[in-house]
>>> print(open('entry-v1.txt').read())   # compact mmCIF, C-alpha atoms
# COMPACT_ATOMS: atom_id res chain seq x y z
CA MET A 135 224.07 155.76 17.10
CA HIS A 136 224.42 152.18 15.84
CA PRO A 137 223.16 149.43 18.11
CA VAL A 138 225.61 147.09 19.81
CA GLU A 139 225.93 143.95 17.70
CA HIS A 140 227.57 141.64 20.26
CA PHE A 141 227.80 141.33 23.98
CA SER A 142 231.19 142.51 25.22
CA LEU A 143 233.96 139.92 25.35
CA PHE A 144 233.84 140.10 29.15
CA ALA A 145 230.08 139.45 29.15
CA ARG A 146 230.50 136.52 26.75
CA ILE A 147 233.26 134.98 28.87
CA LEU A 148 231.14 135.37 32.01
CA HIS A 149 228.13 133.86 30.24
CA TRP A 150 229.91 130.75 29.00
CA LEU A 151 231.94 130.26 32.18
CA MET A 152 228.78 130.50 34.27
CA ALA A 153 226.86 128.24 31.88
CA ALA A 154 229.49 125.52 32.42
CA MET A 155 229.52 126.13 36.17
CA ILE A 156 225.72 126.06 36.48
CA LEU A 157 225.41 122.87 34.43
CA ALA A 158 228.15 121.25 36.52
CA MET A 159 226.42 122.44 39.68
CA LEU A 160 223.04 121.05 38.64
CA PHE A 161 224.50 117.66 37.77
CA ILE A 162 226.62 117.56 40.94
CA GLY A 163 223.44 118.32 42.91
CA ILE A 164 221.51 115.54 41.19
CA ILE A 165 224.32 113.05 41.77
CA MET A 166 224.68 114.17 45.41
CA VAL A 167 221.14 113.17 46.29
CA THR A 168 221.68 109.65 44.92
CA THR A 169 225.22 109.06 46.21
CA VAL A 170 226.47 107.57 49.47
CA GLU A 171 229.72 107.99 51.44
CA PRO A 172 232.53 108.85 50.63
CA ALA A 173 231.66 110.18 47.16
CA TYR A 174 228.89 112.30 48.69
CA HIS A 175 231.36 114.33 50.76
CA ARG A 176 233.66 114.90 47.76
CA LEU A 177 230.69 116.22 45.79
CA VAL A 178 229.62 118.47 48.68
CA ASP A 179 233.20 119.78 48.83
CA LEU A 180 232.80 120.80 45.16
CA HIS A 181 229.20 121.99 45.47
CA ARG A 182 229.72 124.57 48.22
CA PRO A 183 232.57 126.65 46.73
CA LEU A 184 231.11 126.32 43.24
CA GLY A 185 227.79 127.73 44.49
CA ILE A 186 229.47 130.69 46.18
CA SER A 187 231.55 131.30 43.04
CA ILE A 188 228.36 131.34 40.97
CA LEU A 189 226.85 133.84 43.41
CA LEU A 190 229.86 136.17 43.14
CA LEU A 191 230.05 135.89 39.35
CA ALA A 192 226.29 136.49 39.04
CA VAL A 193 226.68 139.76 40.94
CA VAL A 194 229.63 140.75 38.70
CA ARG A 195 227.60 139.80 35.65
CA LEU A 196 224.58 141.80 36.79
CA VAL A 197 226.70 144.91 37.42
CA ASN A 198 228.34 144.46 34.02
CA ARG A 199 224.93 144.19 32.38
CA TRP A 200 223.81 147.44 34.05
CA LEU A 201 226.97 149.27 33.01
CA ILE A 202 227.57 147.98 29.47
CA ARG A 203 225.03 148.21 26.67
CA VAL A 204 223.71 144.92 25.37
CA PRO A 205 222.54 144.10 21.85
CA PRO A 206 218.85 144.76 21.30
CA LEU A 207 216.48 141.98 20.39
CA PRO A 208 215.47 141.99 16.71
CA ASN A 209 212.41 144.04 15.75
CA THR A 210 211.12 140.94 13.97
CA LEU A 211 210.69 139.12 17.29
CA PRO A 212 207.01 139.00 18.28
CA PRO A 213 206.22 141.07 21.40
CA ALA A 214 205.31 137.97 23.41
CA LEU A 215 208.70 136.36 22.69
CA SER A 216 210.50 139.61 23.43
CA LEU A 217 208.73 139.81 26.80
CA ALA A 218 209.47 136.14 27.48
CA ALA A 219 213.17 136.73 26.74
CA ARG A 220 213.34 139.67 29.14
CA LEU A 221 211.44 137.85 31.89
CA SER A 222 213.48 134.66 31.51
CA HIS A 223 216.69 136.64 31.94
CA ILE A 224 215.31 138.24 35.10
CA VAL A 225 214.37 134.79 36.41
CA LEU A 226 217.85 133.46 35.58
CA TYR A 227 219.56 136.30 37.46
CA VAL A 228 217.24 135.91 40.44
CA LEU A 229 217.93 132.17 40.58
CA MET A 230 221.71 132.59 40.09
CA ILE A 231 221.72 134.82 43.18
CA ALA A 232 218.93 133.26 45.27
CA LEU A 233 219.94 129.62 44.94
CA PRO A 234 223.46 130.02 46.41
CA LEU A 235 222.14 132.35 49.12
CA VAL A 236 219.46 129.84 50.08
CA GLY A 237 222.12 127.10 50.10
CA TRP A 238 224.39 129.19 52.32
CA GLY A 239 221.48 130.02 54.60
CA MET A 240 220.46 126.35 54.71
CA LEU A 241 223.95 125.28 55.75
CA SER A 242 224.08 128.06 58.33
CA ALA A 243 220.73 127.01 59.80
CA GLY A 244 221.98 123.42 59.90
CA ALA A 245 225.22 124.52 61.62
CA TYR A 246 227.28 123.17 58.70
CA PRO A 247 230.38 125.12 57.68
CA VAL A 248 230.66 126.58 54.18
CA VAL A 249 234.24 125.58 53.44
CA MET A 250 235.59 127.35 50.37
CA TRP A 251 239.00 125.71 50.64
CA SER A 252 241.20 124.44 53.42
CA GLY A 253 241.48 127.15 56.05
CA PHE A 254 238.80 129.44 54.59
CA VAL A 255 235.27 129.03 55.93
CA LEU A 256 232.49 131.51 55.25
CA PRO A 257 230.64 132.85 58.27
CA PRO A 258 227.07 131.67 58.88
CA ILE A 259 224.40 134.03 57.59
CA LEU A 260 221.62 132.56 59.74
CA ALA A 261 221.42 131.26 63.28
CA HIS A 262 221.32 127.50 63.90
CA ASP A 263 217.68 126.42 63.50
CA PRO A 264 216.87 122.82 62.49
CA ALA A 265 213.31 123.70 61.42
CA LEU A 266 214.57 126.52 59.18
CA PHE A 267 217.24 124.17 57.81
CA ALA A 268 214.50 121.75 56.72
CA VAL A 269 212.48 124.51 55.03
CA LEU A 270 215.54 125.92 53.25
CA ARG A 271 216.62 122.46 52.13
CA ARG A 272 213.26 121.95 50.40
CA LEU A 273 213.42 125.46 48.95
CA HIS A 274 216.98 124.86 47.69
CA THR A 275 215.80 121.69 45.93
CA TRP A 276 212.81 123.41 44.33
CA LEU A 277 214.87 126.41 43.20
CA ALA A 278 217.42 124.03 41.66
CA LEU A 279 214.67 122.20 39.77
CA ILE A 280 213.26 125.52 38.55
CA LEU A 281 216.74 126.62 37.47
CA PHE A 282 217.18 123.35 35.58
CA GLY A 283 213.91 124.01 33.75
CA VAL A 284 214.76 127.65 32.99
CA VAL A 285 218.20 126.60 31.68
CA LEU A 286 216.50 124.08 29.35
CA VAL A 287 214.11 126.77 28.09
CA HIS A 288 217.05 129.18 27.64
CA LEU A 289 218.94 126.56 25.63
CA ALA A 290 215.85 125.83 23.52
CA ALA A 291 215.41 129.56 22.86
CA ALA A 292 219.05 129.90 21.83
CA LEU A 293 218.67 127.00 19.41
CA MET A 294 215.42 128.51 18.09
CA HIS A 295 217.22 131.78 17.36
CA GLY A 296 220.25 130.08 15.83
CA LEU A 297 218.60 127.32 13.80
CA LEU A 298 215.04 128.42 13.04
CA LEU A 299 214.85 132.21 13.18
CA ARG A 300 218.47 132.67 12.08
CA ASP A 301 218.54 136.12 13.62
CA ASP A 302 221.45 137.76 15.46
CA VAL A 303 220.52 136.72 18.97
CA LEU A 304 222.77 133.63 19.17
CA PRO A 305 225.72 135.23 17.32
CA SER A 306 225.56 138.19 19.72
CA MET A 307 226.57 135.82 22.55
CA THR A 308 228.93 133.59 20.58
CA GLY A 309 230.77 136.46 18.90
CA GLY A 310 229.84 135.10 15.47
CA ARG A 311 228.65 137.07 12.50
CA GLY A 312 224.96 137.79 12.32
CA ASN A 313 222.50 138.83 9.65
CA ARG A 314 220.96 141.91 11.24
CA THR A 315 221.22 145.36 9.72
CA ALA A 316 220.82 148.60 11.65
CA ASP A 317 217.22 148.83 10.35
CA ASP A 318 216.31 145.44 11.84
CA SER A 319 217.34 146.32 15.41
CA ALA A 320 215.25 147.78 18.18
CA SER A 321 216.77 150.91 19.66
>>> encode(input="entry-v1.txt", output="structure tokens")
Amino acid sequence: MHPVEHFSLFARILHWLMAAMILAMLFIGIIMVTTVEPAYHRLVDLHRPLGISILLLAVVRLVNRWLIRVPPLPNTLPPALSLAARLSHIVLYVLMIALPLVGWGMLSAGAYPVVMWSGFVLPPILAHDPALFAVLRRLHTWLALILFGVVLVHLAAALMHGLLLRDDVLPSMTGGRGNRTADDSAS
């Protein structure tokens, strides 16, 4: 059986859509903490539904990844880099799910509604608790900073594969043509 050369079109669309959403979310979050009324509330109105959308798409993406084979990493990749790639993807998935859940829990604990759009409000997932709100707010900030760092490392790794190693890792997600032969791939 020949290895898969590219991620499925659905996986690639999810990847790039979520990449744009996550970058937008991170920058909206950074701007939110430095902005005052009324711009702050407009940003919050974007931040909440975007976070829940990221949560839902992350779950869809995770299920898709379990169900559909993904391209193997090249055999030429050193074991340490191969392990780092696998672990960084796990961390990304954990953060894409945990960060919105912590945000939703934070808002619930603060008795703030999670308005998706006019007339549709998500139910609270935690009881009102100001002390828990404060803890979750700090956790949400730290998780966002960690996500920002992991995204930067992910981007650096993609550039390393595309520009320095010139292997098939980047083309497998862009849909481009790679250089790998069946003998170069891990099974």
>>> atom_distance(input="entry-v1.txt", atom1="CA of Val197 (chain A)", atom2="CA of Ala153 (chain A)")
17.6 Å
>>> residues_around(input="entry-v1.txt", residues="region 256-258 of chain A", least_positions_apart="3", cutoff="8 Å", atoms="only C-alpha atoms", output="ChimeraX atom specification")
/A:238-239,241-243,245,247-250,261
>>> atom_distance(input="entry-v1.txt", atom1="CA of Ile188 (chain A)", atom2="CA of Ile147 (chain A)")
13.6 Å
>>> residues_around(input="entry-v1.txt", residues="Arg203 (chain A)", least_positions_apart="3", cutoff="10 Å", atoms="only C-alpha atoms", output="list in words")
Pro137, Val138, Glu139, His140, Phe141, Ser142, Asn198, Arg199, Trp200 and Pro206 of chain A
>>> closest_residue(input="entry-v1.txt", among="A:Ile156, A:Leu304, A:Val255, A:Leu273", to="Leu207 (chain A)", atoms="all atoms listed in the file")
A:Leu304
>>> atom_distance(input="entry-v1.txt", atom1="CA of Leu184 (chain A)", atom2="CA of His274 (chain A)")
14.9 Å
>>> closest_residue(input="entry-v1.txt", among="A:Met230, A:Leu191, A:Leu211, A:Val236", to="Phe282 (chain A)", atoms="all atoms listed in the file")
A:Met230
